[in-house]
Every structure is written in C-alpha cells, then in structure tokens.
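Since the structure comes first, as structure tokens, the remarks are kept for the end.
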Amino acid sequence: MTDDQETSDSEDTAASGSATLPPHLRPQSERLQCHKSSVCSRSYFVVVMVFFHVYIINVIALLFYVHYISGQDDASPSRDAPSSDHRHQQPQQQQQQQRTESRRPPSKAEFLRDVSLTRIEGIRVGHVQTVSLVPGKVHEMRTLSLKPLLFEIPGFLSDDECRVVMQLAQLKGLMESQLMVQDGQEELDKELNLSPEEIFNLLDINQDGQLQLREILTHSRVRDGIWLTPENLREIYAGLKADKDGNGLLSLEEFRLLSNDAFQRFLLQRGVKRSQLVRNSRHTWLYQGRGAHQVLQDIKTRVTRLTRLPSTLVDLSEPLQVVRYEEGGHYHAHHDSGPVYPETACTHTRLAANTSTPFETSCRYITVLFYLNSVEGGGETAFPVADNRTYDEVSLIQNDVDLLDTRRNCDKSNLRVKPTKGTAVFWYNYLSDGRGWVGEQDEYALHGGCVVTHGTKWVANKWINIDPDYQRQARYQRLVSRQPEEEEDDEGLALNSDLQSSDIHQDL
Ligand code: OGA
Ligand code: CA
Ligand code: FE2
C-alpha cells in the first residue's frame, strides 16, 4: 500500500513538473537534464520546501483560529463553555456601567469567579471531619457513602431548635403531601387521542414488544402516584382477565383487548388507601428570609456554612419544608431532583428562562435533611443503591422484589439512616461537571422514608436549588438582584426571593 502510493506520487509529481523533487528521486532521464538547469539545484529545492512548509503551517493556524473563534461564540449559550474564557473579563469600575448596559450573559469563567460551587470531599466511608458551624462549637461530619456523596452531622440542631421548627409548622398547618387523584389526566388522554398501539409503545420501555410488570408499575407510579405492588398488578390482571396466557407479560394483542382506562377504573372501584400512594405524609413550608423566626434564619446560616456554597444560592433556594409522618406513613424511593435534559427547565429559574419549555423539574443540587425527633420504630431514610458496585436501573424492580418499595424492602437497602433528633444528613443530587459546575444527576442519590412502625416522624428538608444550565442560573440571579441595585435597597433581595419562593410553592 505504502509502496503503491509512493510510486504513484512520484509519477504525479513528475507529470506536473519535476522541480519540487530532489534529484535522486527523479527518473533517470530527467536527472540528466536537470544538471543543466539552476532551477533543479539543491538550494532552489530547499527554498521551495521552506515556502511550502510555511504555507501549510499558515493554513493550519488559520483553521485553528477559525475553529477557536466559532467555538467561543457557540460556547456562550451553552453550559459547556470553556472555563478558561477570559475574553469578557472587565475591570471592577466598569462592571456597574456594564450591568446597566447590554446585560450580556456572563461567560462561565466569569460567573464561576463569583459563584464557585464547593464540593465537600468524602475521602472514604466512615471518614470523620470536624466542621465549625456555630461559634464555640465543633461538629463532627461523617461520610456515609461516596455514591451519592452523603454525610451525617449529629447534633446539627439543638433540641430547642427542633421543637421550635415543629411548633412553627403546626402553627402554619400541614397539608397532605400527595393528593389522592390527579386531575386533568383524563382530559389529556382524550386530547392526545392515542391509539392502543401508540400507548403500548410508550409503555414498552425496553421495546421488546411485551409489557413487563415493572413497565406497568413504573408508569402507574409516575402517572397516578399510585404505588402498585407486583401482587396488586397480578390481581388486577386476574380481575380484568388481561393476561390471557398467564405469563405475567402483556402482549400487544392482550393490551388491545383492554379498554383505555381499564386500570384506573378497576383501582377506583376497589378504592385506594393512603398507604398505597407514593407518599403518605403531611408537610408545610417555612420561609427563612428576613423577618422569619430567628431559629429559621440561624438554620439557613448554618446550612450555608456546612455546604460552603455562596450565601446568595442558599438565600434564593426553596423555603424549609417540614414533613410529618404518622404511624404507617412512608415515602417510597425517589429522586429529589430531576434529570438534566436540554429541553427541561428548572422550576426555580423558570421565570428567567428565555423560552417556555414543556418540561419542568426541581433542580436541587443538595438535600439537607434534618431529623426533628427520634422515631420510636421504623422511619429510617433508606438509600437502596448507595455505593452499589453493580447498580443498574433494571434490577431495581425484579419480579417480586422492588427495591424502591420502602414499605416492604427497606431491609434490602444498601444504607439506612436512623432518625435521631437534631441529626442532619446531606447529599449531592448531582455529580460535578468537572469544571466547577453542576453535572449529571447522580442516580445513586435515590432514597426514601421507610414506613413508620411506632410513633410519629418529623423531618425537615432544606434544598439548595442550582440550575445545571449556568446561563439560566446567572440570568435568574441577575433578575432577582436587579431591584435592589436600582433602588439601592438591599431589602429588595429578600423581598424578591420571597416572591420567587411563593411562586414555586403556591401552597405556601
Ligand atoms: C423527602 C424525603 C426522607 C425521609 O422528604 O424528600 O426523602 O426519611 N424524606 O423522610
Ligand atoms: Ca417490555
Ligand atoms: Fe426525598
């Protein structure tokens, strides 16, 4: 092959003009002629080769330059902007003027200079580090798992603080965390007017032409918030005579014979108990900004110190959620935060998003979970796949063992945290993107509340909201901090963050 090429190359060159070839490479007949011509001299050849190389280097340099320039222009609307982009950096005195000008989006490097996302190192499971959260006291922070990155801090809240938070929540009133029936679903079904084949195709996640139990179970949980067990489903199949060949799978033919809302009607007839929902608890939200109870403000400050994140991010996050589980209460395994898709917008930055996206999810970079009381029986927080070496989504729901089911299978979870009054646990729901910003959702952050077997369980959640799209986060932060700048009144920020929070939680 190489030999062939060499031969044909030299032939080409000879045909188009032999001046660029060294004499020893030329055909014998030509070599003889060349001796007479100065054009064939060695120095002439060297000069030509030098020009040729300079030309090639110039072309390569030009290509690199064009690539670099277009890369930078593309990078500004993307969250993958190179972190070494310093083109837009401005001296401090120009910043004020620039803010009132074009309001161009900051580069990632520029944004990260102000808002750096520290990630606490876990080192190894069982590692203990001391942290200074309140003056004159040190707390111990123990690493519980690396996947997800999860820590436990005993005594994070004092007994008094736990009591105040529970009392404030009671004073405000708690509401059911999950409503029994989801409205609007039927209308949506009618509006879309999908054929049985189309619905079958949507449900058949692994596209094997059969509906496995887990495909139906997952769908029912997401769509109706009803937590069916494999046995429940077999019961429904039997009641509706759906699985004619009794192999536990639904073929397209079997599926076609079912009417559109057969499952829903069957469930409604039989009645759904609260214990059959994804979540069985009550909750409320407590605002933590200016004017809030001192205990709530202190907790926020402590969370900021614990997570080592900029206080603006914590200030602009959701209020404190206080949850109460009665005996028999539970919360099946779930993610606090949604996955990152380009078409998904975060609830907290929705107002600042340029486009209206059809999908919206909570973007909770960190969850800090506080235990407000010690539970008499059950109620552990379970992490079914924490530090699992062989985690694979399909294995979460096996035929009869559903690791997501915290009423039945908490004992099979890789990690369980016992609720102890005053203890805080916290974990990252997202990985890092490796460049100081939020990366992909951490699938290992799956967790749930095991069933409370004795007594009541009180917890509180502090979620720290960060948009994985740093541009949207930046735009949102500029939007909520605009008012104080213009009015020169720093109360505007608190006012705005309150406005934003109540917008997220209309139930506040
Ligand atoms: C939650 C949650 C766990 C627990 O409220 O999102 O996961 O142990 N709670 O209550
Ligand atoms: Ca299938
Ligand atoms: Fe949760």
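Chain lettering (A, B, ...) mirrors the order of the structure tokens, residue numbering begins at 1 for each chain separately, and ligand numbering begins at 1 in order of display.
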Would you tabulate, counting only C-alpha atoms and all ligand atoms, all residues of chain A that have an atom at most 7 Å from an atom of ligand 3, showing the closest pair of atoms and their distance in Å to one decimal, sorted by chain then ascending number, as JSON lines?
```
{"residue": "A:His334", "atom": "CA", "partner": "ligand 3", "partner_atom_place_in_ligand_line": "1 (Fe)", "distance": 6.3}
{"residue": "A:His335", "atom": "CA", "partner": "ligand 3", "partner_atom_place_in_ligand_line": "1 (Fe)", "distance": 6.2}
{"residue": "A:Asp336", "atom": "CA", "partner": "ligand 3", "partner_atom_place_in_ligand_line": "1 (Fe)", "distance": 4.8}
{"residue": "A:His447", "atom": "CA", "partner": "ligand 3", "partner_atom_place_in_ligand_line": "1 (Fe)", "distance": 6.2}
{"residue": "A:Gly448", "atom": "CA", "partner": "ligand 3", "partner_atom_place_in_ligand_line": "1 (Fe)", "distance": 6.0}
```
Exercise. Identify, counting only C-alpha atoms and all ligand atoms, the protein, DNA and RNA residues located within 9 Å of ligand 1, and give them as a PyMOL selection string.
Key: chain A and resi 281+283+321-325+330-336+367+369-371+379-382+417-419+446-450+457-461
Quiz prompt | Expected answer as a ChimeraX atom specification: residues within 12 Å of ligand 2, only C-alpha atoms and all ligand atoms | solution = /A:200-218,248-252,394
Quiz item: Can you tell me, as a count of residues only, what residues are no more than 8 Å from stretch 298-311 of chain A when counting only C-alpha atoms, ignoring any on the same chain fewer than 2 positions away?
Solution: 19
Exercise. Excluding A:Ser362 and any residue of its chain fewer than 5 positions from it, enumerate the residues within 8 Å of it, using only C-alpha atoms, and give them as an MDAnalysis selection string.
Key: chainID A and resid 336:338 346:348 465
Using C-alpha atoms, can you export the residues from the last selection as a short mmCIF file (atom, residue, chain, number, x, y, z; two decimals), in the first residue's frame?
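What landed in out.cif:
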```cif
data_model
loop_
_atom_site.label_atom_id
_atom_site.label_comp_id
_atom_site.auth_asym_id
_atom_site.auth_seq_id
_atom_site.Cartn_x
_atom_site.Cartn_y
_atom_site.Cartn_z
CA ASP A 336 -35.43 14.91 44.96
CA SER A 337 -34.26 16.36 41.70
CA GLY A 338 -34.93 15.73 38.04
CA CYS A 346 -35.79 24.14 36.44
CA THR A 347 -38.75 25.32 38.48
CA HIS A 348 -36.72 27.91 40.35
CA ASN A 465 -31.50 24.97 44.11
#
```
Quiz item: Can you list, as a VMD selection string, every protein, DNA or RNA residue that comes within 8 Å of stretch 468-474 of chain A when you count only C-alpha atoms, leaving out same-chain residues fewer than 4 positions away?
Solution: chain A and resid 77 to 79 105 to 106 108 111 340 349 352 to 353 363 437 to 439 478
Quiz item: Could you name the residues that touch stretch 227-240 of chain A at 9 Å or less, counting only C-alpha atoms, but leaving out those on the same chain fewer than 5 positions away, as a ChimeraX atom specification?
Solution: /A:213-214,216-218,220-221,246,248,258,262-263,266-267,275-279,332,399-402,405
Quiz item: In Å to one decimal, how far is atom CA of A:Gln178 from atom CA of A:Ala242?
Solution: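 Separation of atom CA of A:Ala242 and atom CA of A:Gln178: 29.3 Å.
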Quiz item: Which of these residues is nearest to A:Gly225, using only C-alpha atoms: A:Arg265, A:Arg290, A:Arg274, A:His53?
Solution: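 Checking each candidate against A:Gly225, we get A:Arg274 as the closest.
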Exercise. Provide the atom CA of A:Ser145 to atom CA of A:Cys162 distance in Å, to one decimal place.
Key: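 So the answer is 25.6 Å.
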Self-check item: Backbone-only DSSP, helix (DSSP H, G or I) members of stretch 240-412 of chain A, as a PyMOL selection string
Solution: chain A and resi 240+252-256+262-270+274-276+294-307+311-315+350-352+393-396+410-412
Quiz item: So which bits of stretch 304-394 of chain A end up strand (DSSP E) when you DSSP the backbone, as JSON, numbers by chain?
Solution: {"A": [320, 321, 322, 323, 324, 325, 330, 331, 332, 333, 334, 344, 345, 346, 359, 360, 361, 364, 365, 366, 367, 368, 369, 370, 371, 377, 378, 381, 382, 383]}
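Going from atom CA of A:Glu318 over to atom CA of A:Gln167, you cover 19.8 Å.
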